[in-house]
Every structure is written in structure tokens, then in C-alpha cells.
Amino acid sequence: MSPKPLRLKPLRTIGSALALTLLVPAVAAAGPSDSAGTGDPAHFIVVGPQHGGLERTADSVRAADGEVVQSWPEIGVLLATSRDSEFAEAVRGDPGVRAAGASRNLAEQLPENSGESDSETLEKRRGTLAADTATRSSEDGEEPLAAEQWDMRMINADEAHENSDSGEGTTVGVLDSGIDPDHPDLAANLDTSRSVGCTENGTPNRSQQAWAPTTSGHGTHVAGTVAAANNGVGISGVAPNAKLVSIKVVNDEGFIYPGSAICGFMWAAEHGIDVTNSSYFIDPWYLWCQRDRDQAAVAEAVRRAVNHARGNDVLNVVAAGNSNWNLSKRIHDTNSPNNGGPTEDRWAGNGCQVLPGELPGMVTVSAVGPESSKSFYSNYGIGSVDVAAPGGDSRQTADTPSGNGSVLSTLPDGEYGFYQGTSMASPHVAGVAALIRAEHPRWDARMVNAALRWQADSVPCPKSYDTDGDGEDDAKCRGGRTGAGFYGAGIVDALKAVR
């Protein structure tokens with residue numbers, strides 16, 4: 001049977017090793033019914049003209065008793081706050097305003113403890129390795145923990161390193177919870193001069209305190225998969241000579257709100273990032289629907305930010321999500337909004353999309369386990385998934401010393417640990433994209449996007465897909481021998497990418 005919908009991000013109680021992505025969604029938020037103007041200010045996205053004239057939009061925000069806290073004139077978007085819960089309705093249609101909506105579902109104005117939070121994790125840390133094993137030399141010259149990296153062997157990363165510059169000269173921006181600047185497998189590759197925090201009202205903050213991890217090791221784990229150095233310590237990433245930039249978009253409670261995500265894509269566009277990895281969905285809605293004016297405004301703002309990054313030749317890679325949803329069909333969503341208060345029971349079909357994963361031009365990645373079969377939790381769907389990559393699966397066994405079917409990577413404080421999720425799959429693809437960009441520096445992002453599909457190894461649909469042994473298929477794969485419904489063009493291949 002299909003699993004309960006799962007969060008694609010670290011949740012709030014990060015102290016219990018929530019550095020992966022498969023988390024049961026918290027019960028969520030609906031806005032207060034009155035507009036008395038008390039409590040904390042709520043956050044709103046205000047969309048204005050895309051090519052100049054945003055000052056008129058800002059004037060309208062102020063005239064409606066709002067405050068502009070961040071402005072992105074390049075895309076015609078403002079982030080505003082107001083104590084009036086009816087602010088979005090009041091400002092819509094005013095001069096310079098094309099759309100407006102609450103970006104956090106007015107959860108800021110809810111009374112404390114107004115909604116229960118379910119922080120149970122499906123995927124707790126699935127094992128760590130003793131510190132001495134990370135520095136113990138191997139007999140064959142491999143990294144000390146290479147034997148546990150079934151994921152790298154699956155995509156032929158080790159052979160790719162022997163036949164390429166391993167991503168030299170490329171930069172991958174990790175939009176996540178921060179990267180540990182002192183980790184021995186990451187420090188040499190981390191570009192601290194371009195790293196940034198985006199969690200405070202979408203305002204870029206270049207201090208290390210703003211972009212380093214605080215409550216979650218999720219971003220550090222993702223970063224290791226992309227570009228852990230080949231230095232005789234621990235593991236090696238897909239592109240061990242690529243540079244990493246920490247773009248922190250996850251706040252200390254584990255949420256990625258629209259303003260933070262917009263800030264992240266805008267930063268990548270303006271600071272020479274070649275590839276971004278987004279192992280998250282934007283809160284507080286699992287799917288953002290055009291029929292809701294608040295959600296439509298946010299979706300338009302995020303779309304503009306992503307398009308701005310694409311226009312600056314950034315290739316954006318994103319995790320497909322961990323709810324075992326068929327994204328090509330209507331979805332029964334009972335867990336949104338997810339940031340406090342009551343949730344809605346709704347069917348999300350045409351006009352609803354996961355952000356940023358279903359936006360045009362994104363490379364959306366599903367997950368497979370060590371047996372090259374779709375991970376039990378991974379979202380899928382014809383036309384919704386572009387490629388697949390190793391994300392781990394506790395229901396599949398790896399041919400490694402530990403047999404652990406999850407993905408091994410770096411964690412804060414010099415540690416290494418196993419996690420699973422599409423969050424672990426997408427950084428493999430971001431790493432392969434870095435290899436391609438290094439080998440073909442004249443190729444633009446669209447050509448690299450296409451190359452990821454060309455070099456992928458197709459996997460046919462399974463005859464049956466009963467992952468929990470209850471006698472019923474847990475998902476239906478369309479595409480026959482192409483396997484496109486589960487795997488898109490197939491599992492990425494690092495060696496083909498550099499040939």
C-alpha cells in the first residue's frame with residue numbers, strides 16, 4: 001500500500017537527526033478569520049510589473065498599511081508584511097499590483113500552540129560510521145568509505161573521475177539548510193565568499209552564521225553527495241573537484257518559505273552559479289493551486305525567480321518528493337498547509353503544482369534504491385519526472401559491507417551518516433550536471449539539461465511493484481520498457497556524461 005505523505009525536508013525537531021528528507025508532514029495552518037490587526041505581522045508576496053514600475057507597487061503596499069521588507073525589481077516581486085490579515089485582498093488591483101497573497105497562510109497570526117505538530121520521522125538516521133573509518137586508508141587507493149557508496153558505483157562516478165577533471169571549474173549552489181564549513185571532506189571545495197543565508201525575510205546575509213547549519217545537517221549531507229573531495233578522507237562526491245556554495249533557505253524550524261526560495265534562486269542567478277540543487281518543496285502548501293488567489297500569487301513569484309535563474313544560464317535540479325504520489329494525476333492532499341492550525345481536505349489537479357519541482361525548466365529527479373528500483377516513497381509520473389538517481393531505500397539491500405540501502409554522505413562535525421529520500425537523489429544529478437558543464441564549458445543550461453537525459457540508462461517498468469509485501473501494487477508505472485513513469489529518461493550515468 002502507498003505510504004502516508006512524507007515531508008521532503010528537515011522538520012522542526014532537528015536535534016533528533018532529521019538530516020534526511022522523509023518526514024511525516026506536520027499538521028498545518030489556516031489563517032485567522034478576523035483582521036483585527038493584532039499579533040505578529042503576516043508575510044505577503046506582491047507581484048508587480050516585470051519590467052520596471054515596481055515603485056508604484058511599493059507605494060500601493062504602503063498605502064494599504066503594509067511594509068516592504070524585500071524587493072526583487074529584476075522580476076517585479078515584493079515581500080511585504082502587514083498586521084492586517086485582509087491585506088492581500090485590500091491591495092489587489094491597486095496601481096502596480098498584478099497579484100498578492102499570504103505566503104505563510106497567515107500562520108504568524110495564529111495563537112501559540114494553535115495546532116499540533118507531528119514531528120515523527122519515517123527516516124531517522126539509518127546508521128553512522130565510526131570516526132576512525134573515515135580516515136583509515138584503503139588498500140586499493142579508494143576513499144576510506146568508498147565500499148559503502150553503492151550509489152556512486154550505480155552511476156559509474158568512480159570511472160567518471162578517472163576520465164575527467166571531476167567537475168573542475170564548475171560551481172553548484174546547494175539551496176538547503178547550510179553546509180558545514182569545517183567538514184574535512186567539504187572545506188576545500190566550499191566557496192565561503194559566495195555563500196549566503198536567505199532565511200530572514202528573503203534578505204541576503206553573507207555572514208557565516210547566516211549560511212552555516214544550525215538545526216539541521218540536511219544541506220551538509222546533500223553537499224557531500226555533490227562534491228565531497230577526493231582527498232583520502234571519508235567519501236568522494238559525484239563531482240569532487242567542483243566548488244560548492246551554501247545558499248541557506250531552510251529556517252531553524254525546518255520550513256522553506258517562498259521569500260527564502262526566491263532569494264536563493266535570485267542569488268544563484270547573480271553570483272555565477274552553474275547548477276543549483278533544491279532538495280525541498282516550498283511551504284506551507286504541498287501543492288500550490290491557481291484557483292486560490294494567495295497561492296497563485298506565490299506560484300507566479302517563484303516562477304519568475306526560477307526563470308530569472310534560467311535566463312542567467314543556471315541549471316536547476318530538484319527532488320521529486322517523498323509521498324509516493326503520481327504527480328501526473330489528481331492528488332488527494334489532506335496535509336496542507338503544514339505550518340500550524342487546521343489542514344484542508346482537497347483534491348489538487350490541473351492548475352496545482354509542487355513548487356519548485358513542477359515548474360518549467362527544472363530537472364525533476366525521482367529516487368531509486370540499491371536494486372535500481374523506484375524507492376518506495378518516491379513521487380513519480382509520466383511527464384513529471386525527468387531522470388532518476390540513487391536516493392536509497394530501506395526495503396532494498398545494498399551490496400556493501402553494511403548492507404545499508406540508504407545513501408552515505410557527510411554530516412556536520414566531521415561525521416558521516418546514511419539517509420534516504422529524493423533529497424539524496426537530486427544531488428547525484430546536480431553532480432553529474434557539474435561534470436557535464438566542466439567537460440563542455442560552452443554548453444548552456446538547456447543543452448546540459450538535454451544531455452542529462454541522453455546519457456541516462458533507461459529502466460523498464462517492473463511487472464509488479466509491491467514494496468511492503470501486502471500483495472497489492474503500491475504504484476503503477478506507465479511507459480512499459482522505457483520506464484518513463486517511474487524513472488523519466490532513466491538513471492543518470494556519470495561516465496557517459498564525461499565521454
# chains A, B, ... in the order shown; residues from 1 in each chain; ligands from 1
$ select_by_dssp --residues "stretch 231-439 of chain A" --states "alpha helix (DSSP H)" --output "PyMOL selection string"
chain A and resi 258-270+293-311+422-439
$ residues_around --residues "A:Pro356" --least-positions-apart "4" --cutoff "9 Å" --atoms "only C-alpha atoms" --output "PyMOL selection string"
chain A and resi 261+278+280-282+299+302-303+306+318+362
$ write_last_selection --atoms "C-alpha atoms" --output "PDB file, in the first residue's frame"
ATOM      1  CA  ALA A 261      13.370  30.240  -2.011  1.00  0.00           C
ATOM      2  CA  SER A 278      16.816  22.075  -4.370  1.00  0.00           C
ATOM      3  CA  TYR A 280      12.763  20.549  -0.797  1.00  0.00           C
ATOM      4  CA  PHE A 281       9.284  21.761  -1.588  1.00  0.00           C
ATOM      5  CA  ILE A 282       8.142  25.259  -0.716  1.00  0.00           C
ATOM      6  CA  ALA A 299       3.489  30.497  -7.615  1.00  0.00           C
ATOM      7  CA  VAL A 302       8.586  31.700  -7.639  1.00  0.00           C
ATOM      8  CA  ARG A 303       8.163  31.022 -11.364  1.00  0.00           C
ATOM      9  CA  VAL A 306      13.328  30.378 -11.401  1.00  0.00           C
ATOM     10  CA  VAL A 318      15.070  19.486  -7.806  1.00  0.00           C
ATOM     11  CA  MET A 362      13.522  22.275 -13.683  1.00  0.00           C
TER      12      MET A 362
END
$ closest_residue --among "A:Asn307, A:Ser328, A:Thr81, A:Gln50" --to "A:Lys476" --atoms "only C-alpha atoms"
A:Ser328
$ closest_residue --among "A:Val314, A:Ala425, A:Met447, A:Ile382" --to "A:Gly483" --atoms "only C-alpha atoms"
A:Ile382
$ select_by_dssp --residues "stretch 103-339 of chain A" --states "strand (DSSP E)" --output "VMD selection string"
chain A and resid 171 to 176 196 to 197 243 to 248 275 to 278 288 to 289 315 to 319 331 to 336
